[in-house]
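*Asks:* Below are the structure tokens for one structure; questions will follow.
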Amino acid sequence: MSALIDNLINDNLVPLKPYESARRLFSGGQDWLNANESPYANEYSVDSSNFNRYPSCQPEAVVSGYADYAGLDKSQLIVTRGADEGIELLIRTFCTPGKDNILICPPTYGMYAISAETCDVGIKKVPLNDDFSLNVNAVCAEDDVNVIFICAPNNPTGTPVAREDIKTVLSHFADKALVVVDEAYFEFDAENTWANEINNYPNLVVLRTLSKAFALAGLRCGFTLAQAPIIQALLKVIAPYPIPEPVAQIAAKALSAESLTLLELQVATLNREKETLAEALQALDGIELVGDRKANFVLFRYEKAPALMQYLVSQGMLIRDQSKQLNLHNCLRVSIGTEEQNQRLMQLINEFKNNEDAA
Ligand SMILES: *Cc1c(COP(=O)(O)O)cnc(C)c1O
């Protein structure tokens with residue numbers, strides 16, 4: 001950086017690096033099984049007749065469509081530029097920079113910590129137990145936190161979070177902190193949601209997205225669900241025009257009855273493919289499945305993970321290295337693709353192992 005930039009930049013940003021998203025790490029490749037996207041690209045069209053106008057801040061068709069989908073009142077949600085913007089809004093709205101803290105439970109989704117760091121908000125870490133369950137006592141022992149992020153099912157372990165555990169945390173922090181349950185993958189384990197408990201807990205927040213099961217990662221559209229006072233506070237901070245008009249049109253269509261039927265079919269197919277892939281991986285010597293499979297990915301441990309990763313990348317098969325995450329040494333995460341992609345992945349892993357075993 002130049003002397004001018006070194007001099008001007010916000011002090012707390014100095015140690016940070018741009019986020020290494022799956023898409024930034026590798027731009028080429030042919031099979032993208034590294035960002036938990038859907039392999040399906042469903043078709044949409046847009047109507048440009050209002051593109052000369054600023055869009056609505058909270059497009060009515062999207063708000064009411066998602067409220068129906070989640071079984072909530074329209075006053076109980078806010079539409080954002082992906083769930084990632086919801087995470088940042090929660091931190092900016094409920095944490096004072098240089099003073100307050102969030103709490104996270106690693107290994108987990110990276111954006112909670114990154115958003116906190118860019119906002120100069122502190123991060124308390126309470127690692128998950130060895131079986132990736134929540135360390136409830138340790139979480140409840142933290143008294144100086146404003147927002148607690150619980151990812152359920154958790155990315156990258158695919159594990160569910162026991163309802164009793166979340167209930168204990170919600171009650172313990174009833175007058176002290178918001179408890180955010182990140183349900184980015186809820187459609188893959190749909191019985192297990194906290195959206196229907198919003199009316200019972202004034203400190204409960206649920207995050208949702210159109211990026212995973214809805215197959216619209218490119219759209220950038222997510223939802224934060226909570227009781228109206230929380231939503232009202234978030235509306236103070238969100239930009240005036242966060243949802244572009246084409247995004248609003250497509251999101252509304254994605255929430256139609258017809259699209260939801262298609263979503264269910266695609267989720268069922270992906271869940272079946274996930275089990276097939278998991279069985280094939282598990283059958284291989286030296287490969288051990290890690291965590292659980294409540295989302296649209298499989299996590300596994302393999303002693304030669306770095307070399308395998310390198311081989312797959314050289315073949316245009318992109319998966320995600322999770323080995324730097326706490327307790328995930330030598331772990332790789334594979335998003336579920338089409339049947340063909342999953343088969344190609346297994347073929348490449350088998351090739352790699354046969355060469356290794358022969359060497
Ligand atoms: C993918 C993901 C998100 C981000 O969703 P966007 O709507 O694409 O911003 C949030 N939380 C978790 C746990 C995720 O895996």
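Residue names in the structure tokens use chain letters A, B, ... in the order shown, residue numbers from 1 in each chain, and ligand numbers from 1 in the order shown.
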Write out as a count of residues only the residues lying within 9 Å of Pro244 in chain A, counting only C-alpha atoms and excluding same-chain residues fewer than 5 positions away.
*Replies:* 5
*Asks:* Apply DSSP to the backbone of this structure and, from range 32-94 of chain A, keep only the residues in alpha helix (DSSP H); write these as a PyMOL selection string.
*Replies:* chain A and resi 60-70+82-94
*Asks:* Produce as number ranges by chain the set of residues near ligand 1, where near means within 8 Å with only C-alpha atoms and all ligand atoms considered.
*Replies:* A: 35-37, 81-87, 108-109, 111, 151-156, 182-185, 207-212, 217, 220-223
*Asks:* For a test of reading the model, state the distance in Å between CA of Thr276 in chain A and CA of Phe26 in chain A, rounded to one decimal.
*Replies:*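 Those two atoms sit 26.6 Å apart.
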*Asks:* Residues near Val161 in chain A, anyone? I mean within 10 Å using only C-alpha atoms, not counting same-chain ones fewer than 3 positions away, as a ChimeraX atom specification.
*Replies:* /A:132-134,150-154,158,164-166,181,192
*Asks:* Contacts of Pro18 in chain A at 12 Å or less, counting only C-alpha atoms, minus same-chain residues fewer than 3 places along, as a PDB file with N, CA, C and O atoms, in the first residue's frame?
*Replies:*
ATOM      1  N   LEU A  13      -8.414  -2.137  10.208  1.00  0.00           N
ATOM      2  CA  LEU A  13      -8.379  -2.876   8.934  1.00  0.00           C
ATOM      3  C   LEU A  13      -6.965  -3.277   8.531  1.00  0.00           C
ATOM      4  O   LEU A  13      -6.779  -4.112   7.641  1.00  0.00           O
ATOM      5  N   VAL A  14      -5.958  -2.717   9.191  1.00  0.00           N
ATOM      6  CA  VAL A  14      -4.574  -2.955   8.778  1.00  0.00           C
ATOM      7  C   VAL A  14      -4.217  -4.444   8.693  1.00  0.00           C
ATOM      8  O   VAL A  14      -3.656  -4.888   7.691  1.00  0.00           O
ATOM      9  N   PRO A  15      -4.546  -5.255   9.721  1.00  0.00           N
ATOM     10  CA  PRO A  15      -4.143  -6.670   9.629  1.00  0.00           C
ATOM     11  C   PRO A  15      -5.018  -7.520   8.704  1.00  0.00           C
ATOM     12  O   PRO A  15      -4.684  -8.677   8.448  1.00  0.00           O
ATOM     13  N   SER A  21     -12.903 -16.087  -0.707  1.00  0.00           N
ATOM     14  CA  SER A  21     -14.111 -16.829  -1.030  1.00  0.00           C
ATOM     15  C   SER A  21     -13.746 -17.936  -2.009  1.00  0.00           C
ATOM     16  O   SER A  21     -12.708 -17.881  -2.673  1.00  0.00           O
ATOM     17  N   ARG A  24     -12.993 -16.576  -5.335  1.00  0.00           N
ATOM     18  CA  ARG A  24     -11.735 -15.850  -5.501  1.00  0.00           C
ATOM     19  C   ARG A  24     -10.534 -16.785  -5.546  1.00  0.00           C
ATOM     20  O   ARG A  24      -9.551 -16.509  -6.205  1.00  0.00           O
ATOM     21  N   LEU A  25     -10.618 -17.901  -4.782  1.00  0.00           N
ATOM     22  CA  LEU A  25      -9.478 -18.809  -4.698  1.00  0.00           C
ATOM     23  C   LEU A  25      -9.162 -19.423  -6.050  1.00  0.00           C
ATOM     24  O   LEU A  25      -8.014 -19.557  -6.432  1.00  0.00           O
ATOM     25  N   MET A 111     -17.879 -15.825   7.828  1.00  0.00           N
ATOM     26  CA  MET A 111     -18.260 -14.420   7.694  1.00  0.00           C
ATOM     27  C   MET A 111     -18.639 -13.735   9.001  1.00  0.00           C
ATOM     28  O   MET A 111     -18.624 -12.510   9.074  1.00  0.00           O
ATOM     29  N   ILE A 114     -15.365 -12.291  10.083  1.00  0.00           N
ATOM     30  CA  ILE A 114     -14.880 -11.273   9.152  1.00  0.00           C
ATOM     31  C   ILE A 114     -15.693  -9.991   9.266  1.00  0.00           C
ATOM     32  O   ILE A 114     -15.149  -8.890   9.314  1.00  0.00           O
ATOM     33  N   SER A 115     -17.009 -10.123   9.363  1.00  0.00           N
ATOM     34  CA  SER A 115     -17.835  -8.923   9.528  1.00  0.00           C
ATOM     35  C   SER A 115     -17.499  -8.204  10.827  1.00  0.00           C
ATOM     36  O   SER A 115     -17.419  -6.978  10.867  1.00  0.00           O
ATOM     37  N   GLU A 117     -14.645  -8.251  12.442  1.00  0.00           N
ATOM     38  CA  GLU A 117     -13.332  -7.610  12.312  1.00  0.00           C
ATOM     39  C   GLU A 117     -13.420  -6.309  11.524  1.00  0.00           C
ATOM     40  O   GLU A 117     -12.836  -5.305  11.909  1.00  0.00           O
ATOM     41  N   THR A 118     -14.148  -6.314  10.424  1.00  0.00           N
ATOM     42  CA  THR A 118     -14.212  -5.086   9.622  1.00  0.00           C
ATOM     43  C   THR A 118     -14.977  -3.987  10.355  1.00  0.00           C
ATOM     44  O   THR A 118     -14.788  -2.819  10.073  1.00  0.00           O
TER      45      THR A 118
END
*Asks:* So what do you get for CA of Ala116 in chain A versus CA of Leu204 in chain A, distance-wise?
*Replies:*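 Computing it gives 19.2 Å between the two atoms.
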*Asks:* Determine, counting only C-alpha atoms, which protein, DNA and RNA residues have an atom within 12 Å of an atom of Ala280 in chain A; residues of the same chain fewer than 2 positions away are not included. Present the result as number ranges by chain.
*Replies:* A: 273-278, 282-285, 287-289, 298, 300, 342-343, 345-347, 349-350
*Asks:* At most 10 Å is the cut-off: for each residue in range 285-328 of chain A with any atom that close to an atom of range 332-337 of chain A, write down the nearest atom pair and the distance in Å rounded to one decimal, counting only C-alpha atoms, chain first then increasing number, as CSV.
*Replies:*
residue,atom,partner,partner_atom,distance
A:Leu289,CA,A:Leu332,CA,9.8
A:Val290,CA,A:Leu332,CA,9.4
A:Ala295,CA,A:Ser335,CA,9.1
A:Asn296,CA,A:Ile336,CA,5.7
A:Phe297,CA,A:Ser335,CA,4.2
A:Val298,CA,A:Val334,CA,5.3
A:Leu299,CA,A:Arg333,CA,4.4
A:Phe300,CA,A:Leu332,CA,5.5
A:Arg301,CA,A:Leu332,CA,6.4
A:Tyr302,CA,A:Leu332,CA,8.0
A:Ala305,CA,A:Leu332,CA,6.9
A:Pro306,CA,A:Leu332,CA,9.0
A:Leu308,CA,A:Leu332,CA,9.4
A:Met309,CA,A:Leu332,CA,7.9
A:Leu318,CA,A:Val334,CA,8.5
A:Ile319,CA,A:Val334,CA,5.3
A:Arg320,CA,A:Arg333,CA,5.1
A:Asp321,CA,A:Leu332,CA,4.7
A:Gln322,CA,A:Leu332,CA,5.4
A:Ser323,CA,A:Leu332,CA,6.8
A:Leu328,CA,A:Leu332,CA,8.5
*Asks:* At what distance in Å, to one decimal, does CA of Ala41 in chain A lie from CA of Glu20 in chain A?
*Replies:* 24.1 Å
*Asks:* Between A:Asp175, A:Arg163, A:Tyr311, A:Val147, which is the closest to Phe94 in chain A once you count only C-alpha atoms?
*Replies:*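 So, comparing all the options, the nearest one is A:Val147.
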*Asks:* I need the residues of range 88-234 of chain A that end up classed as strand (DSSP E or B) by DSSP on the backbone, written out as a list in words.
*Replies:* Asn101, Ile102, Leu103, Ile104, Gly122, Ile123, Lys124, Lys125, Val147, Ile148, Phe149, Ile150, Cys151, Leu178, Val179, Val180, Val181, Asp182, Leu204, Val205, Val206, Leu207, Arg208, Thr209, Gly222, Phe223, Thr224, Leu225 and Ala226 of chain A
*Asks:* Given the selection you just returned, output its residues as a file containing N, CA and C atoms, formatted as a compact mmCIF listing (two decimals), in the first residue's frame.
*Replies:*
# COMPACT_ATOMS: atom_id res chain seq x y z
N ASN A 101 -18.84 -7.28 21.81
CA ASN A 101 -18.36 -8.54 21.25
C ASN A 101 -19.48 -9.37 20.65
N ILE A 102 -19.10 -10.18 19.64
CA ILE A 102 -19.97 -11.26 19.21
C ILE A 102 -19.39 -12.56 19.75
N LEU A 103 -20.18 -13.64 19.68
CA LEU A 103 -19.68 -14.96 20.09
C LEU A 103 -19.88 -15.92 18.93
N ILE A 104 -18.83 -16.68 18.61
CA ILE A 104 -18.94 -17.71 17.57
C ILE A 104 -18.42 -19.03 18.11
N GLY A 122 -15.36 -7.03 18.81
CA GLY A 122 -14.59 -8.15 19.36
C GLY A 122 -15.25 -9.49 19.08
N ILE A 123 -14.43 -10.55 19.11
CA ILE A 123 -14.94 -11.90 18.82
C ILE A 123 -14.56 -12.83 19.96
N LYS A 124 -15.56 -13.38 20.66
CA LYS A 124 -15.31 -14.42 21.66
C LYS A 124 -15.56 -15.76 20.98
N LYS A 125 -14.59 -16.68 21.16
CA LYS A 125 -14.72 -17.98 20.50
C LYS A 125 -14.94 -19.06 21.53
N VAL A 147 -24.16 -10.41 20.47
CA VAL A 147 -24.77 -11.25 19.43
C VAL A 147 -24.05 -12.59 19.40
N ILE A 148 -24.83 -13.68 19.47
CA ILE A 148 -24.27 -15.04 19.43
C ILE A 148 -24.68 -15.68 18.12
N PHE A 149 -23.71 -16.17 17.35
CA PHE A 149 -24.02 -16.81 16.07
C PHE A 149 -23.93 -18.32 16.21
N ILE A 150 -25.05 -18.99 15.90
CA ILE A 150 -25.08 -20.46 15.92
C ILE A 150 -25.52 -20.91 14.53
N CYS A 151 -24.68 -21.68 13.87
CA CYS A 151 -24.97 -22.10 12.50
C CYS A 151 -25.59 -23.50 12.56
N LEU A 178 -28.62 -11.19 21.59
CA LEU A 178 -29.38 -11.82 20.51
C LEU A 178 -28.75 -13.17 20.19
N VAL A 179 -29.59 -14.15 19.92
CA VAL A 179 -29.10 -15.47 19.51
C VAL A 179 -29.52 -15.66 18.05
N VAL A 180 -28.52 -15.69 17.16
CA VAL A 180 -28.78 -15.77 15.72
C VAL A 180 -28.58 -17.21 15.26
N VAL A 181 -29.66 -17.84 14.80
CA VAL A 181 -29.55 -19.20 14.27
C VAL A 181 -29.47 -19.08 12.75
N ASP A 182 -28.30 -19.42 12.21
CA ASP A 182 -28.07 -19.30 10.77
C ASP A 182 -28.58 -20.58 10.09
N LEU A 204 -34.46 -13.99 19.64
CA LEU A 204 -34.13 -14.97 18.59
C LEU A 204 -34.11 -14.32 17.21
N VAL A 205 -33.08 -14.61 16.44
CA VAL A 205 -32.99 -14.16 15.05
C VAL A 205 -32.68 -15.40 14.20
N VAL A 206 -33.33 -15.52 13.04
CA VAL A 206 -33.04 -16.64 12.13
C VAL A 206 -32.58 -16.06 10.80
N LEU A 207 -31.48 -16.60 10.27
CA LEU A 207 -30.99 -16.17 8.96
C LEU A 207 -31.34 -17.21 7.92
N ARG A 208 -31.77 -16.75 6.75
CA ARG A 208 -32.09 -17.62 5.61
C ARG A 208 -31.49 -17.02 4.35
N THR A 209 -31.45 -17.82 3.29
CA THR A 209 -30.88 -17.34 2.03
C THR A 209 -31.52 -18.02 0.83
N GLY A 222 -31.08 -12.64 0.69
CA GLY A 222 -31.23 -13.39 1.94
C GLY A 222 -32.26 -12.72 2.85
N PHE A 223 -32.53 -13.35 3.97
CA PHE A 223 -33.58 -12.87 4.86
C PHE A 223 -33.15 -12.98 6.32
N THR A 224 -33.50 -11.96 7.09
CA THR A 224 -33.30 -12.01 8.53
C THR A 224 -34.68 -12.01 9.17
N LEU A 225 -34.96 -13.03 9.98
CA LEU A 225 -36.29 -13.19 10.60
C LEU A 225 -36.17 -12.94 12.10
N ALA A 226 -37.08 -12.16 12.65
CA ALA A 226 -37.06 -11.87 14.09
C ALA A 226 -38.33 -11.10 14.44
*Asks:* Residues at most 7 Å from Val62 in chain A, counting only C-alpha atoms, excluding those fewer than 4 positions away in the same chain, as an NGL selection string?
*Replies:* :A and (66 or 248 or 251-252)
*Asks:* Include C-alpha atoms and write out the residues we just selected as a compact mmCIF listing (two decimals), in the first residue's frame.
*Replies:*
# COMPACT_ATOMS: atom_id res chain seq x y z
CA TYR A 66 -40.98 -15.04 2.11
CA ALA A 248 -36.66 -8.45 -6.47
CA ALA A 251 -36.78 -13.56 -5.85
CA ALA A 252 -40.56 -13.11 -6.01
*Asks:* With distances taken over only C-alpha atoms, which residue among A:Lys324, A:Lys304, A:Leu260, A:Cys331 lies nearest Lys353 in chain A?
*Replies:*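 Closest residue, counting only C-alpha atoms: A:Lys304.
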